[in-house]
file run-v3.cif (mmCIF, C-alpha atoms)
data_work
#
loop_
_atom_site.group_PDB
_atom_site.id
_atom_site.type_symbol
_atom_site.label_atom_id
_atom_site.label_comp_id
_atom_site.auth_asym_id
_atom_site.auth_seq_id
_atom_site.Cartn_x
_atom_site.Cartn_y
_atom_site.Cartn_z
ATOM 1 C CA MET D 7 98.302 115.432 76.237
ATOM 2 C CA PRO D 8 101.003 118.035 75.910
ATOM 3 C CA GLU D 9 102.937 118.534 79.071
ATOM 4 C CA SER D 10 101.548 121.318 81.218
ATOM 5 C CA SER D 11 102.920 123.340 84.038
ATOM 6 C CA LEU D 12 101.805 124.989 87.221
ATOM 7 C CA ASN D 13 103.860 127.269 89.382
ATOM 8 C CA SER D 14 104.305 126.471 93.029
ATOM 9 C CA GLY D 15 107.048 127.029 95.496
ATOM 10 C CA ALA D 16 107.935 127.818 99.048
ATOM 11 C CA ARG D 17 108.510 131.376 100.232
ATOM 12 C CA GLY D 18 107.168 132.943 97.068
ATOM 13 C CA GLU D 19 109.543 131.066 94.768
ATOM 14 C CA GLN D 20 108.054 130.072 91.456
ATOM 15 C CA THR D 21 108.933 126.497 90.548
ATOM 16 C CA PRO D 22 107.506 125.123 87.311
ATOM 17 C CA VAL D 23 105.840 121.735 87.574
ATOM 18 C CA PHE D 24 105.447 119.708 84.400
ATOM 19 C CA VAL D 25 103.103 116.747 84.325
ATOM 20 C CA ALA D 26 102.767 114.347 81.418
ATOM 21 C CA ARG D 27 99.641 112.260 81.020
ATOM 22 C CA GLN D 28 100.286 108.849 79.439
ATOM 23 C CA PRO D 29 97.166 106.944 78.332
ATOM 24 C CA VAL D 30 96.453 103.409 79.500
ATOM 25 C CA PHE D 31 94.309 101.466 77.039
ATOM 26 C CA ARG D 32 91.916 98.578 77.472
ATOM 27 C CA GLN D 33 92.089 95.648 75.064
ATOM 28 C CA ASP D 34 89.512 97.337 72.815
ATOM 29 C CA MET D 35 91.793 100.425 72.560
ATOM 30 C CA VAL D 36 89.446 102.575 74.655
ATOM 31 C CA ILE D 37 91.299 104.691 77.205
ATOM 32 C CA TRP D 38 90.959 103.197 80.701
ATOM 33 C CA GLY D 39 92.945 105.907 82.454
ATOM 34 C CA TYR D 40 96.250 107.740 82.576
ATOM 35 C CA GLU D 41 99.565 107.454 84.334
ATOM 36 C CA LEU D 42 100.722 110.858 85.539
ATOM 37 C CA LEU D 43 104.433 111.419 85.089
ATOM 38 C CA PHE D 44 106.525 114.237 86.523
ATOM 39 C CA ARG D 45 108.928 116.013 84.213
ATOM 40 C CA GLY D 46 111.551 118.491 85.351
ATOM 41 C CA GLU D 47 111.443 120.497 82.121
ATOM 42 C CA GLY D 48 108.676 121.239 79.656
ATOM 43 C CA ASP D 49 110.399 119.691 76.650
ATOM 44 C CA SER D 50 111.655 116.619 78.501
ATOM 45 C CA ARG D 51 110.664 113.162 77.252
ATOM 46 C CA ALA D 52 111.948 111.417 80.378
ATOM 47 C CA ALA D 53 111.849 112.013 84.099
ATOM 48 C CA SER D 54 114.855 113.881 85.383
ATOM 49 C CA PHE D 55 114.775 114.766 89.057
ATOM 50 C CA GLU D 56 116.861 114.276 92.152
ATOM 51 C CA ASP D 57 114.044 113.690 94.636
ATOM 52 C CA GLY D 58 111.406 111.137 93.633
ATOM 53 C CA GLU D 59 109.295 111.891 96.693
ATOM 54 C CA ARG D 60 109.221 115.583 95.825
ATOM 55 C CA ALA D 61 108.247 114.758 92.242
ATOM 56 C CA THR D 62 105.355 112.570 93.366
ATOM 57 C CA SER D 63 104.233 115.203 95.856
ATOM 58 C CA GLN D 64 104.166 117.809 93.116
ATOM 59 C CA VAL D 65 102.201 115.523 90.809
ATOM 60 C CA ILE D 66 99.590 114.999 93.510
ATOM 61 C CA ALA D 67 99.479 118.555 94.829
ATOM 62 C CA ASP D 68 99.794 120.533 91.617
ATOM 63 C CA GLY D 69 99.452 118.246 88.647
ATOM 64 C CA PHE D 70 96.427 116.134 89.485
ATOM 65 C CA THR D 71 93.832 118.836 88.851
ATOM 66 C CA LEU D 72 95.616 120.083 85.743
ATOM 67 C CA ALA D 73 95.973 116.589 84.289
ATOM 68 C CA ARG D 74 92.324 115.703 84.945
ATOM 69 C CA ALA D 75 91.148 118.497 82.628
ATOM 70 C CA GLY D 76 89.716 116.937 79.496
ATOM 71 C CA MET D 77 89.697 113.376 80.817
ATOM 72 C CA LEU D 78 86.562 111.315 80.360
ATOM 73 C CA PRO D 79 84.500 110.773 83.512
ATOM 74 C CA GLY D 80 85.459 107.533 85.216
ATOM 75 C CA SER D 81 89.043 107.572 83.919
ATOM 76 C CA ARG D 82 91.536 106.375 86.495
ATOM 77 C CA VAL D 83 94.767 108.112 87.349
ATOM 78 C CA MET D 84 97.926 106.186 88.253
ATOM 79 C CA ILE D 85 100.715 107.801 90.283
ATOM 80 C CA ASN D 86 104.019 106.224 91.373
ATOM 81 C CA PHE D 87 104.810 106.000 95.084
ATOM 82 C CA SER D 88 108.062 105.088 96.786
ATOM 83 C CA GLU D 89 108.193 103.020 99.968
ATOM 84 C CA LYS D 90 108.914 106.127 102.011
ATOM 85 C CA MET D 91 105.876 107.953 100.623
ATOM 86 C CA LEU D 92 103.661 104.922 101.177
ATOM 87 C CA LEU D 93 104.744 104.666 104.809
ATOM 88 C CA GLU D 94 104.155 108.400 105.295
ATOM 89 C CA ASP D 95 100.525 108.025 104.089
ATOM 90 C CA ALA D 96 101.053 110.145 100.950
ATOM 91 C CA PRO D 97 98.716 107.943 98.852
ATOM 92 C CA PHE D 98 95.782 109.137 100.939
ATOM 93 C CA ALA D 99 96.229 112.585 99.340
ATOM 94 C CA LEU D 100 95.211 110.994 96.038
ATOM 95 C CA PRO D 101 91.409 110.999 95.637
ATOM 96 C CA GLU D 102 89.674 107.694 96.235
ATOM 97 C CA GLY D 103 89.221 105.354 93.306
ATOM 98 C CA HIS D 104 92.545 106.142 91.685
ATOM 99 C CA VAL D 105 95.657 103.977 91.467
ATOM 100 C CA VAL D 106 98.555 103.904 93.907
ATOM 101 C CA GLU D 107 101.437 102.445 91.922
ATOM 102 C CA LEU D 108 104.209 100.940 94.028
ATOM 103 C CA LEU D 109 107.616 101.332 92.442
ATOM 104 C CA GLU D 110 109.598 98.148 91.872
ATOM 105 C CA GLU D 111 111.990 98.876 94.743
ATOM 106 C CA VAL D 112 109.177 98.775 97.338
ATOM 107 C CA THR D 113 109.672 95.595 99.371
ATOM 108 C CA PRO D 114 106.848 93.743 101.118
ATOM 109 C CA THR D 115 107.834 94.470 104.715
ATOM 110 C CA PRO D 116 105.155 94.139 107.420
ATOM 111 C CA ASP D 117 104.761 97.952 107.475
ATOM 112 C CA VAL D 118 104.356 98.128 103.700
ATOM 113 C CA LEU D 119 101.801 95.309 103.710
ATOM 114 C CA GLN D 120 99.839 97.048 106.483
ATOM 115 C CA LYS D 121 99.688 100.304 104.484
ATOM 116 C CA CYS D 122 98.509 98.374 101.428
ATOM 117 C CA VAL D 123 95.733 96.777 103.488
ATOM 118 C CA GLU D 124 94.713 100.265 104.680
ATOM 119 C CA LEU D 125 94.359 101.368 101.035
ATOM 120 C CA GLU D 126 91.949 98.527 100.200
ATOM 121 C CA GLY D 127 88.473 99.781 99.471
ATOM 122 C CA THR D 128 89.583 103.345 98.757
ATOM 123 C CA HIS D 129 92.324 103.057 96.126
ATOM 124 C CA LEU D 130 93.507 100.531 93.584
ATOM 125 C CA LEU D 131 96.971 99.129 94.160
ATOM 126 C CA ALA D 132 99.370 98.468 91.267
ATOM 127 C CA LEU D 133 102.780 96.812 91.301
ATOM 128 C CA ASP D 134 105.224 98.355 88.830
ATOM 129 C CA ASP D 135 107.717 96.466 86.656
ATOM 130 C CA TYR D 136 106.874 92.985 87.939
ATOM 131 C CA LYS D 137 109.138 90.290 86.474
ATOM 132 C CA GLY D 138 107.959 87.227 88.372
ATOM 133 C CA GLU D 139 110.020 87.708 91.521
ATOM 134 C CA SER D 140 108.829 85.447 94.356
ATOM 135 C CA LEU D 141 109.768 88.165 96.868
ATOM 136 C CA PHE D 142 106.627 90.060 95.864
ATOM 137 C CA GLY D 143 104.227 87.182 96.579
ATOM 138 C CA PRO D 144 102.696 88.877 99.652
ATOM 139 C CA LEU D 145 101.948 92.012 97.598
ATOM 140 C CA LEU D 146 100.393 90.038 94.752
ATOM 141 C CA GLY D 147 97.552 88.999 97.020
ATOM 142 C CA LEU D 148 96.761 92.680 97.640
ATOM 143 C CA ALA D 149 97.418 94.056 94.148
ATOM 144 C CA ASP D 150 94.581 95.039 91.857
ATOM 145 C CA ILE D 151 96.946 95.594 88.917
ATOM 146 C CA VAL D 152 100.311 94.096 88.012
ATOM 147 C CA LYS D 153 102.337 96.021 85.445
ATOM 148 C CA VAL D 154 104.808 94.099 83.306
ATOM 149 C CA ASP D 155 107.399 96.007 81.267
ATOM 150 C CA VAL D 156 107.454 93.992 78.044
ATOM 151 C CA LEU D 157 109.906 96.162 76.078
ATOM 152 C CA ASN D 158 112.912 93.828 76.339
ATOM 153 C CA MET D 159 111.038 90.582 76.893
ATOM 154 C CA GLY D 160 110.348 87.797 74.461
ATOM 155 C CA THR D 161 106.992 86.070 74.161
ATOM 156 C CA GLU D 162 108.122 83.099 76.271
ATOM 157 C CA GLU D 163 109.389 85.366 79.073
ATOM 158 C CA ILE D 164 106.114 87.274 79.129
ATOM 159 C CA GLN D 165 104.126 84.023 79.162
ATOM 160 C CA ALA D 166 106.187 82.760 82.118
ATOM 161 C CA VAL D 167 105.267 85.885 84.107
ATOM 162 C CA VAL D 168 101.598 85.453 83.166
ATOM 163 C CA ASP D 169 101.674 81.787 84.171
ATOM 164 C CA GLY D 170 103.192 82.735 87.524
ATOM 165 C CA LEU D 171 100.279 85.089 88.195
ATOM 166 C CA ARG D 172 97.570 82.477 87.708
ATOM 167 C CA GLY D 173 95.554 82.199 90.877
ATOM 168 C CA TYR D 174 95.813 85.895 91.694
ATOM 169 C CA SER D 175 92.847 88.125 90.974
ATOM 170 C CA CYS D 176 94.795 91.014 89.484
ATOM 171 C CA LEU D 177 94.474 92.854 86.211
ATOM 172 C CA LEU D 178 97.521 92.475 83.970
ATOM 173 C CA LEU D 179 98.852 95.680 82.439
ATOM 174 C CA ALA D 180 101.540 95.543 79.745
ATOM 175 C CA GLU D 181 103.702 98.652 79.630
ATOM 176 C CA LYS D 182 106.087 99.848 76.946
ATOM 177 C CA VAL D 183 104.124 98.155 74.203
ATOM 178 C CA GLU D 184 105.812 99.742 71.188
ATOM 179 C CA ASP D 185 103.994 98.228 68.223
ATOM 180 C CA HIS D 186 100.783 96.529 67.140
ATOM 181 C CA ALA D 187 102.390 93.061 67.058
ATOM 182 C CA MET D 188 103.290 93.282 70.765
ATOM 183 C CA PHE D 189 99.848 94.722 71.499
ATOM 184 C CA GLU D 190 98.261 91.631 69.938
ATOM 185 C CA ILE D 191 100.627 89.258 71.765
ATOM 186 C CA THR D 192 99.925 90.786 75.162
ATOM 187 C CA LYS D 193 96.205 91.107 74.452
ATOM 188 C CA ASN D 194 96.029 87.400 73.605
ATOM 189 C CA MET D 195 97.833 86.623 76.898
ATOM 190 C CA GLY D 196 95.128 88.443 78.841
ATOM 191 C CA PHE D 197 96.735 91.846 79.403
#
call {"tool": "encode", "arguments": {"input": "run-v3.cif", "output": "structure tokens"}}
result
Amino acid sequence: MPESSLNSGARGEQTPVFVARQPVFRQDMVIWGYELLFRGEGDSRAASFEDGERATSQVIADGFTLARAGMLPGSRVMINFSEKMLLEDAPFALPEGHVVELLEEVTPTPDVLQKCVELEGTHLLALDDYKGESLFGPLLGLADIVKVDVLNMGTEEIQAVVDGLRGYSCLLLAEKVEDHAMFEITKNMGF
């Protein structure tokens, strides 16, 4: 989807909000949902912002409705959340049934784990950029989706991450799959 904008701002200021919609495919290449990504400028190909919490807030408040236009019914939406936003209950602004994606710097403190438990039954929980770190074990038991950035990983490294997730009931999601060969490799591994 081309990036779109909405204007919003405090005290009458007009601040453009650009939201990119990146498709997430199932193994059969049917679109499962979309990750919503904030962009600071309309022609930007990468996120560029000083305040991640503000960017996420704008995606939820302004971009969600815009991005949902033209999506198939039942498509999920994934939005990134920082630890601060999670602890401030920001994910509850996202409609039920969609995906709260915890950024890789979110640590499984007791407060974080409690908030994740509170999201069960209303939202799906995804862990971003998982690389097999044992620190995240407590979150793996709560996660519905584990995203693995495969761009700079070899087949053996990816397989080691997959092997480490055996026993957890989470969906594996490969991100940054750049070609059909990697698509087939990750598909055959169960992503």
call {"tool": "closest_residue", "arguments": {"input": "run-v3.cif", "among": "D:Glu163, D:Asp134, D:Asp34, D:Glu89", "to": "Pro116 (chain D)", "atoms": "only C-alpha atoms"}}
result
D:Glu89
call {"tool": "residues_around", "arguments": {"input": "run-v3.cif", "residues": "Lys121 (chain D)", "least_positions_apart": "4", "cutoff": "8 Å", "atoms": "only C-alpha atoms", "output": "list in words"}}
result
Leu92, Leu93, Asp95, Asp117 and Leu125 of chain D
call {"tool": "closest_residue", "arguments": {"input": "run-v3.cif", "among": "D:Glu111, D:Ala99, D:Trp38, D:Lys182", "to": "Pro79 (chain D)", "atoms": "all atoms listed in the file"}}
result
D:Trp38
call {"tool": "residues_near_point", "arguments": {"input": "run-v3.cif", "point": "(110.4, 104.4, 89.8)", "cutoff": "7 Å", "atoms": "only C-alpha atoms", "output": "list in words"}}
result
Asn86, Leu109 and Glu110 of chain D
call {"tool": "closest_residue", "arguments": {"input": "run-v3.cif", "among": "D:Lys90, D:Thr161, D:Leu145, D:Ile151", "to": "His104 (chain D)", "atoms": "only C-alpha atoms"}}
result
D:Ile151
